[in-house]
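Peer 1: Handing you a structure now.
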Amino acid sequence: MPSPLVAIIMGSDSDLEIMKDAALVLEEMHIPYEIHILSAHRTPFQAMQYAQEASSKGIEVIIAGAGAAAHLAGVIAAVTELPVIGVPTKSSYLQGLDSLLSMVQMPGGIPVATVAINQAKNAGLLAVSILGIKYPEYREAYKTYKKKLEEEVLAKDKKLTTKGWQAYLEEKKK
């Protein structure tokens, strides 16, 4: 089995339902990854140690998802030279706004690329795009993925213009 290129880290197992979407993207693109639960608040030393050692293990991108205070991505970014992609997860208190603001308000010098609330899929795709700079096979896989999206939208447009909006909506309901 090849060494993982991407690490997916989440602050709690309650984030797994969201973070699995990043794993699914990486699997679809045949990118080796590993996945862990490490908390910025409950296991800060282990989270920092993992981040400090990640590049020596061959990791090239880290995806970090957390909710509420959501400091995990920032803690990871503070101690690694690798790109960190933050996934703010929706908490029950502020609907994920707290998580989002925790990630996008990083101080100068400690960047965290942050995707939309609960959008681990986009974090996975951003990781693919980053890896595509170095690995042509991942760049091609991402191009193929985007081409498929384009074809799906154009097919929907053709169906809409052919059938009309009422028939289109009725068919979607079935």
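Residue numbering restarts at 1 in every chain; chains get A, B, ... in the order shown in the structure tokens, and ligands count up from 1 in that same order.
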Please report, as a list in words, each residue of chain A to which DSSP assigns strand (DSSP E) when run on this structure's backbone.

Peer 2: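 Secondary structure check on chain A, strand (DSSP E): Val6, Ala7, Ile8, Ile9, Met10, Tyr33, Glu34, Ile35, His36, Ile37, Val61, Ile62, Ile63, Ala64, Gly65, Ala66, Gly67, Val84, Ile85, Gly86, Val87, Pro88, Thr89, Ala113 and Thr114 of chain A.
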
Peer 1: Write out as a list in words each polymer residue whose atoms come within 8 Å of segment 133-150 of chain A, counting only C-alpha atoms; drop sequence neighbours fewer than 5 positions from it.

Peer 2: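 Listing them by chain and then by number gives Met29, Ile31, Leu125 and Val128 of chain A.
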
Peer 1: Might you pull out every residue within 7 Å of Asp15 of chain A, with only C-alpha atoms counted and same-chain residues fewer than 5 positions away left off, and present them as an MDAnalysis selection string?

Peer 2: chainID A and resid 10 66 89

Peer 1: For Met48 of chain A, list every protein, DNA or RNA residue within 12 Å, evaluated using only C-alpha atoms, and leave out those in the same chain fewer than 2 positions away; present the list as an NGL selection string.

Peer 2: :A and (9 or 38-46 or 50-54 or 71-80)

Peer 1: Let's have the selection written as a JSON list (two decimals), in the first residue's frame, with N, CA, C and O atoms.

Peer 2:
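Dumped to result09.json:
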```json
[["chain", "number", "residue", "atom", "x", "y", "z"],
["A", 9, "ILE", "N", -7.99, 14.89, 9.42],
["A", 9, "ILE", "CA", -8.03, 14.91, 10.89],
["A", 9, "ILE", "C", -9.33, 15.58, 11.31],
["A", 9, "ILE", "O", -9.74, 16.58, 10.70],
["A", 38, "LEU", "N", -8.15, 13.75, 16.34],
["A", 38, "LEU", "CA", -7.20, 14.45, 17.21],
["A", 38, "LEU", "C", -7.80, 15.80, 17.55],
["A", 38, "LEU", "O", -8.16, 16.55, 16.66],
["A", 39, "SER", "N", -7.90, 16.12, 18.79],
["A", 39, "SER", "CA", -8.56, 17.34, 19.23],
["A", 39, "SER", "C", -7.55, 18.42, 19.61],
["A", 39, "SER", "O", -6.57, 18.14, 20.30],
["A", 40, "ALA", "N", -7.82, 19.64, 19.16],
["A", 40, "ALA", "CA", -6.97, 20.77, 19.55],
["A", 40, "ALA", "C", -7.06, 21.05, 21.04],
["A", 40, "ALA", "O", -6.12, 21.58, 21.63],
["A", 41, "HIS", "N", -8.17, 20.66, 21.65],
["A", 41, "HIS", "CA", -8.40, 20.97, 23.06],
["A", 41, "HIS", "C", -8.23, 19.78, 23.99],
["A", 41, "HIS", "O", -7.75, 19.93, 25.11],
["A", 42, "ARG", "N", -8.61, 18.60, 23.53],
["A", 42, "ARG", "CA", -8.54, 17.42, 24.38],
["A", 42, "ARG", "C", -7.26, 16.61, 24.20],
["A", 42, "ARG", "O", -6.85, 15.90, 25.12],
["A", 43, "THR", "N", -6.63, 16.72, 23.02],
["A", 43, "THR", "CA", -5.35, 16.05, 22.78],
["A", 43, "THR", "C", -4.39, 17.01, 22.06],
["A", 43, "THR", "O", -3.88, 16.70, 20.98],
["A", 44, "PRO", "N", -4.15, 18.17, 22.64],
["A", 44, "PRO", "CA", -3.35, 19.19, 21.93],
["A", 44, "PRO", "C", -1.92, 18.74, 21.63],
["A", 44, "PRO", "O", -1.39, 19.03, 20.55],
["A", 45, "PHE", "N", -1.30, 18.03, 22.54],
["A", 45, "PHE", "CA", 0.09, 17.61, 22.34],
["A", 45, "PHE", "C", 0.18, 16.57, 21.22],
["A", 45, "PHE", "O", 1.06, 16.65, 20.37],
["A", 46, "GLN", "N", -0.77, 15.64, 21.21],
["A", 46, "GLN", "CA", -0.77, 14.62, 20.16],
["A", 46, "GLN", "C", -1.09, 15.24, 18.80],
["A", 46, "GLN", "O", -0.50, 14.86, 17.79],
["A", 50, "TYR", "N", 1.52, 15.11, 15.77],
["A", 50, "TYR", "CA", 1.13, 14.53, 14.47],
["A", 50, "TYR", "C", 1.45, 15.51, 13.34],
["A", 50, "TYR", "O", 2.04, 15.13, 12.33],
["A", 51, "ALA", "N", 1.08, 16.76, 13.52],
["A", 51, "ALA", "CA", 1.31, 17.77, 12.48],
["A", 51, "ALA", "C", 2.79, 17.98, 12.22],
["A", 51, "ALA", "O", 3.22, 18.13, 11.07],
["A", 52, "GLN", "N", 3.59, 17.97, 13.27],
["A", 52, "GLN", "CA", 5.04, 18.18, 13.12],
["A", 52, "GLN", "C", 5.70, 17.01, 12.38],
["A", 52, "GLN", "O", 6.68, 17.20, 11.68],
["A", 53, "GLU", "N", 5.16, 15.81, 12.53],
["A", 53, "GLU", "CA", 5.77, 14.62, 11.93],
["A", 53, "GLU", "C", 5.14, 14.25, 10.59],
["A", 53, "GLU", "O", 5.65, 13.35, 9.90],
["A", 54, "ALA", "N", 4.08, 14.91, 10.19],
["A", 54, "ALA", "CA", 3.32, 14.50, 9.00],
["A", 54, "ALA", "C", 4.17, 14.49, 7.74],
["A", 54, "ALA", "O", 4.13, 13.52, 6.96],
["A", 71, "HIS", "N", -10.51, 25.08, 16.60],
["A", 71, "HIS", "CA", -9.12, 25.52, 16.57],
["A", 71, "HIS", "C", -8.17, 24.49, 15.95],
["A", 71, "HIS", "O", -6.99, 24.78, 15.77],
["A", 72, "LEU", "N", -8.67, 23.32, 15.60],
["A", 72, "LEU", "CA", -7.80, 22.25, 15.13],
["A", 72, "LEU", "C", -6.99, 22.66, 13.90],
["A", 72, "LEU", "O", -5.77, 22.47, 13.87],
["A", 73, "ALA", "N", -7.62, 23.21, 12.89],
["A", 73, "ALA", "CA", -6.89, 23.57, 11.67],
["A", 73, "ALA", "C", -5.79, 24.59, 11.98],
["A", 73, "ALA", "O", -4.67, 24.49, 11.46],
["A", 74, "GLY", "N", -6.07, 25.55, 12.82],
["A", 74, "GLY", "CA", -5.08, 26.56, 13.19],
["A", 74, "GLY", "C", -3.93, 25.99, 13.98],
["A", 74, "GLY", "O", -2.77, 26.36, 13.76],
["A", 75, "VAL", "N", -4.22, 25.10, 14.90],
["A", 75, "VAL", "CA", -3.16, 24.47, 15.69],
["A", 75, "VAL", "C", -2.25, 23.65, 14.77],
["A", 75, "VAL", "O", -1.03, 23.72, 14.86],
["A", 76, "ILE", "N", -2.87, 22.93, 13.84],
["A", 76, "ILE", "CA", -2.10, 22.13, 12.89],
["A", 76, "ILE", "C", -1.24, 23.05, 12.01],
["A", 76, "ILE", "O", -0.04, 22.82, 11.83],
["A", 77, "ALA", "N", -1.86, 24.10, 11.47],
["A", 77, "ALA", "CA", -1.14, 25.03, 10.59],
["A", 77, "ALA", "C", 0.02, 25.73, 11.31],
["A", 77, "ALA", "O", 1.03, 26.05, 10.69],
["A", 78, "ALA", "N", -0.13, 25.95, 12.61],
["A", 78, "ALA", "CA", 0.91, 26.64, 13.37],
["A", 78, "ALA", "C", 2.20, 25.85, 13.47],
["A", 78, "ALA", "O", 3.26, 26.44, 13.64],
["A", 79, "VAL", "N", 2.11, 24.52, 13.35],
["A", 79, "VAL", "CA", 3.30, 23.71, 13.60],
["A", 79, "VAL", "C", 3.74, 22.86, 12.40],
["A", 79, "VAL", "O", 4.59, 21.99, 12.54],
["A", 80, "THR", "N", 3.18, 23.11, 11.22],
["A", 80, "THR", "CA", 3.60, 22.37, 10.03],
["A", 80, "THR", "C", 3.83, 23.33, 8.87],
["A", 80, "THR", "O", 3.25, 24.42, 8.83]]
```
